[in-house]
Amino acid sequence: YKRQLSNQPVTAPFNPGTEASNAMTVLSDFSNQLSGLDANSVYTINSGKVTFNAVGNDSGLAIFNITDAKSFFDGAFEFDFSMTNTQSILFNVFGGDNTVFDIKANFLASAATIYGSMFLWNFVDATVLNLASQFGGSILALNADVTNNNNIEGTLVAKSLTQNGEIHSQPSNFVPPTEVPVTAAL
């Protein structure tokens, strides 16, 4: 019995390059739409401790807009969360001219692991994210080179990743607002 093998062309059921490009377009549109939403919750900073006072809207979505993000993250050493009627939290992060962020804040009371599935961090204009501590939530940073030096409790979409810690992908419980359409691809 003699077996013969021959090289036969294999056709992928889809074009990976096209699909990746389509996914980036969908995620970019989603990020842009989210970034236009008005904040409905506020945070306070006291001696490096940031308290996010999340108050969900009718669908349970709390929205924070963090402007001047470099200054914000440079002065943030702890994140604490107070939540009222909140199912999901969106953090729109804007850096303006400063798009390199070193994030070293600790999520207090195990918030990174407990609430990571309900947080979405939309880094609108970040080019570099350096995560020094465990980070809670999914990260949408399409134009950023990300370095994680500890665990991410969520998912990550970024330009590139230097991985020095684990990514603990959690099923997202983030519920987008009804005025932002999300395609089936997401």
# chains A, B, ... in the order shown; residues from 1 in each chain; ligands from 1
$ select_by_dssp --residues "range 46-146 of chain A" --states "strand (DSSP E or B)" --output "short mmCIF file (atom, residue, chain, number, x, y, z; two decimals) with N, CA, C and O atoms, in the first residue's frame"
data_model
loop_
_atom_site.label_atom_id
_atom_site.label_comp_id
_atom_site.auth_asym_id
_atom_site.auth_seq_id
_atom_site.Cartn_x
_atom_site.Cartn_y
_atom_site.Cartn_z
N ASN A 46 -9.02 62.77 46.24
CA ASN A 46 -8.56 63.23 47.54
C ASN A 46 -7.27 62.51 47.88
O ASN A 46 -7.28 61.30 48.12
N LYS A 49 -6.54 59.35 45.97
CA LYS A 49 -7.63 58.35 45.93
C LYS A 49 -8.76 58.92 45.08
O LYS A 49 -9.33 59.97 45.40
N VAL A 50 -9.08 58.23 44.00
CA VAL A 50 -10.17 58.62 43.11
C VAL A 50 -11.40 57.82 43.51
O VAL A 50 -11.35 56.59 43.53
N THR A 51 -12.48 58.51 43.82
CA THR A 51 -13.75 57.84 44.09
C THR A 51 -14.68 58.13 42.93
O THR A 51 -15.03 59.28 42.66
N PHE A 52 -15.03 57.07 42.21
CA PHE A 52 -15.97 57.17 41.11
C PHE A 52 -17.38 57.00 41.68
O PHE A 52 -17.73 55.93 42.18
N ASN A 53 -18.17 58.07 41.64
CA ASN A 53 -19.55 58.04 42.13
C ASN A 53 -20.47 57.77 40.95
O ASN A 53 -20.94 58.69 40.29
N ALA A 54 -20.68 56.50 40.68
CA ALA A 54 -21.43 56.07 39.51
C ALA A 54 -22.92 56.06 39.79
O ALA A 54 -23.37 55.44 40.76
N VAL A 55 -23.66 56.77 38.95
CA VAL A 55 -25.12 56.77 39.03
C VAL A 55 -25.64 56.39 37.65
O VAL A 55 -25.48 57.15 36.69
N LEU A 61 -26.59 52.54 32.98
CA LEU A 61 -25.26 52.91 32.49
C LEU A 61 -24.79 54.21 33.14
O LEU A 61 -25.45 55.24 33.06
N ALA A 62 -23.63 54.13 33.78
CA ALA A 62 -22.96 55.32 34.31
C ALA A 62 -21.82 55.68 33.36
O ALA A 62 -21.10 54.79 32.90
N ILE A 63 -21.68 56.98 33.07
CA ILE A 63 -20.66 57.43 32.13
C ILE A 63 -19.78 58.48 32.80
O ILE A 63 -20.28 59.46 33.35
N PHE A 64 -18.47 58.23 32.75
CA PHE A 64 -17.48 59.19 33.23
C PHE A 64 -16.67 59.67 32.04
O PHE A 64 -16.28 58.86 31.20
N ASN A 65 -16.41 60.97 31.98
CA ASN A 65 -15.49 61.52 31.00
C ASN A 65 -14.27 62.04 31.74
O ASN A 65 -14.39 62.92 32.60
N ILE A 66 -13.13 61.44 31.43
CA ILE A 66 -11.87 61.84 32.06
C ILE A 66 -11.10 62.65 31.02
O ILE A 66 -10.67 62.10 30.00
N GLU A 78 -5.22 55.25 43.82
CA GLU A 78 -6.24 54.27 44.22
C GLU A 78 -7.55 54.61 43.52
O GLU A 78 -7.87 55.79 43.36
N PHE A 79 -8.28 53.57 43.12
CA PHE A 79 -9.61 53.73 42.54
C PHE A 79 -10.61 53.08 43.48
O PHE A 79 -10.47 51.90 43.83
N ASP A 80 -11.63 53.84 43.86
CA ASP A 80 -12.72 53.34 44.69
C ASP A 80 -14.02 53.60 43.94
O ASP A 80 -14.12 54.55 43.18
N PHE A 81 -15.02 52.77 44.17
CA PHE A 81 -16.26 52.87 43.41
C PHE A 81 -17.46 52.88 44.35
O PHE A 81 -17.59 52.04 45.23
N SER A 82 -18.34 53.85 44.12
CA SER A 82 -19.63 53.95 44.77
C SER A 82 -20.66 53.88 43.65
O SER A 82 -20.63 54.71 42.73
N MET A 83 -21.56 52.90 43.70
CA MET A 83 -22.46 52.69 42.58
C MET A 83 -23.92 52.68 43.01
O MET A 83 -24.28 51.99 43.95
N THR A 84 -24.72 53.47 42.28
CA THR A 84 -26.15 53.54 42.50
C THR A 84 -26.85 53.23 41.18
O THR A 84 -26.56 53.86 40.16
N SER A 88 -23.54 48.99 34.25
CA SER A 88 -22.35 49.12 33.42
C SER A 88 -21.74 50.49 33.64
O SER A 88 -22.46 51.45 33.93
N ILE A 89 -20.41 50.57 33.48
CA ILE A 89 -19.74 51.86 33.59
C ILE A 89 -18.85 52.05 32.37
O ILE A 89 -18.04 51.18 32.03
N LEU A 90 -19.01 53.21 31.73
CA LEU A 90 -18.18 53.61 30.62
C LEU A 90 -17.26 54.73 31.08
O LEU A 90 -17.72 55.72 31.66
N PHE A 91 -15.97 54.55 30.84
CA PHE A 91 -14.98 55.57 31.14
C PHE A 91 -14.44 56.06 29.79
O PHE A 91 -13.68 55.34 29.14
N ASN A 92 -14.84 57.26 29.37
CA ASN A 92 -14.26 57.86 28.18
C ASN A 92 -13.04 58.64 28.62
O ASN A 92 -13.13 59.53 29.46
N VAL A 93 -11.88 58.28 28.07
CA VAL A 93 -10.61 58.86 28.50
C VAL A 93 -10.02 59.67 27.34
O VAL A 93 -9.77 59.12 26.27
N VAL A 100 0.23 59.67 26.24
CA VAL A 100 0.99 58.59 26.88
C VAL A 100 0.56 58.54 28.34
O VAL A 100 0.71 59.52 29.07
N PHE A 101 0.00 57.40 28.75
CA PHE A 101 -0.56 57.29 30.10
C PHE A 101 0.12 56.17 30.88
O PHE A 101 0.17 55.03 30.42
N ASP A 102 0.61 56.51 32.07
CA ASP A 102 1.16 55.54 33.00
C ASP A 102 0.13 55.37 34.10
O ASP A 102 -0.10 56.29 34.89
N ILE A 103 -0.49 54.19 34.14
CA ILE A 103 -1.58 53.95 35.09
C ILE A 103 -1.07 53.01 36.17
O ILE A 103 -0.71 51.87 35.90
N ASN A 106 -4.29 51.40 42.19
CA ASN A 106 -4.83 50.13 42.66
C ASN A 106 -6.35 50.23 42.72
O ASN A 106 -6.89 51.22 43.20
N PHE A 107 -7.02 49.19 42.27
CA PHE A 107 -8.47 49.11 42.38
C PHE A 107 -8.76 48.56 43.78
O PHE A 107 -8.40 47.42 44.09
N PHE A 119 -17.07 47.11 33.40
CA PHE A 119 -16.35 48.33 33.08
C PHE A 119 -15.85 48.29 31.64
O PHE A 119 -15.29 47.29 31.20
N LEU A 120 -16.00 49.41 30.92
CA LEU A 120 -15.40 49.59 29.61
C LEU A 120 -14.63 50.90 29.63
O LEU A 120 -15.21 51.97 29.85
N TRP A 121 -13.32 50.82 29.41
CA TRP A 121 -12.43 51.97 29.35
C TRP A 121 -12.17 52.28 27.89
O TRP A 121 -11.52 51.50 27.20
N ASN A 122 -12.66 53.42 27.42
CA ASN A 122 -12.53 53.84 26.03
C ASN A 122 -11.43 54.90 25.96
O ASN A 122 -11.68 56.08 26.20
N PHE A 123 -10.21 54.46 25.66
CA PHE A 123 -9.07 55.38 25.55
C PHE A 123 -9.08 55.96 24.14
O PHE A 123 -8.51 55.39 23.21
N VAL A 128 0.04 55.37 24.00
CA VAL A 128 0.79 54.45 24.85
C VAL A 128 0.05 54.31 26.17
O VAL A 128 -0.34 55.30 26.79
N LEU A 129 -0.16 53.05 26.60
CA LEU A 129 -0.71 52.75 27.93
C LEU A 129 0.27 51.84 28.64
O LEU A 129 0.59 50.76 28.13
N ASN A 130 0.73 52.27 29.80
CA ASN A 130 1.58 51.43 30.65
C ASN A 130 0.79 51.12 31.91
O ASN A 130 0.48 52.03 32.69
N LEU A 131 0.43 49.86 32.10
CA LEU A 131 -0.38 49.44 33.24
C LEU A 131 0.52 48.78 34.27
O LEU A 131 1.05 47.70 34.03
N PHE A 135 -5.56 45.76 36.58
CA PHE A 135 -6.49 46.70 35.97
C PHE A 135 -7.83 46.03 35.78
O PHE A 135 -7.90 44.91 35.28
N GLY A 136 -8.90 46.72 36.13
CA GLY A 136 -10.25 46.16 36.03
C GLY A 136 -11.04 46.74 34.88
O GLY A 136 -11.22 47.95 34.79
N SER A 138 -12.63 46.06 30.56
CA SER A 138 -12.20 45.90 29.17
C SER A 138 -11.62 47.23 28.70
O SER A 138 -12.09 48.30 29.08
N ILE A 139 -10.61 47.13 27.86
CA ILE A 139 -9.89 48.30 27.37
C ILE A 139 -10.04 48.37 25.86
O ILE A 139 -9.72 47.42 25.15
N LEU A 140 -10.54 49.52 25.40
CA LEU A 140 -10.63 49.82 23.98
C LEU A 140 -9.64 50.95 23.71
O LEU A 140 -9.88 52.10 24.06
N ALA A 141 -8.49 50.59 23.15
CA ALA A 141 -7.40 51.55 22.90
C ALA A 141 -6.79 51.24 21.54
O ALA A 141 -5.68 50.71 21.42
N LEU A 142 -7.53 51.57 20.51
CA LEU A 142 -7.20 51.12 19.16
C LEU A 142 -5.89 51.64 18.61
O LEU A 142 -5.27 51.01 17.76
N ASN A 143 -5.43 52.80 19.09
CA ASN A 143 -4.20 53.39 18.57
C ASN A 143 -3.04 53.32 19.55
O ASN A 143 -2.04 54.00 19.39
N ALA A 144 -3.19 52.50 20.59
CA ALA A 144 -2.20 52.49 21.66
C ALA A 144 -1.34 51.23 21.66
O ALA A 144 -1.81 50.13 21.39
N ASP A 145 -0.08 51.45 22.00
CA ASP A 145 0.83 50.37 22.33
C ASP A 145 0.68 50.16 23.84
O ASP A 145 0.94 51.07 24.62
N VAL A 146 0.24 48.99 24.24
CA VAL A 146 -0.06 48.70 25.64
C VAL A 146 1.00 47.78 26.23
O VAL A 146 1.38 46.79 25.60
#
$ residues_around --residues "range 169-175 of chain A" --least-positions-apart "3" --cutoff "6 Å" --atoms "only C-alpha atoms" --output "PyMOL selection string"
chain A and resi 88+117-118+154-155
$ select_by_dssp --residues "range 43-163 of chain A" --states "alpha helix (DSSP H)" --output "NGL selection string"
:A and (69-74 or 111-115)
$ residues_around --residues "Ser59 in chain A" --least-positions-apart "6" --cutoff "9 Å" --atoms "only C-alpha atoms" --output "list in words"
Asn85, Thr86, Gln87, Ser88, Val175, Pro177 and Thr178 of chain A
$ atom_distance --atom1 "CA of His168 in chain A" --atom2 "CA of Ala132 in chain A"
15.7 Å
$ atom_distance --atom1 "CA of Asn151 in chain A" --atom2 "CA of Gly75 in chain A"
21.1 Å
$ atom_distance --atom1 "CA of Gly165 in chain A" --atom2 "CA of Asn148 in chain A"
5.7 Å
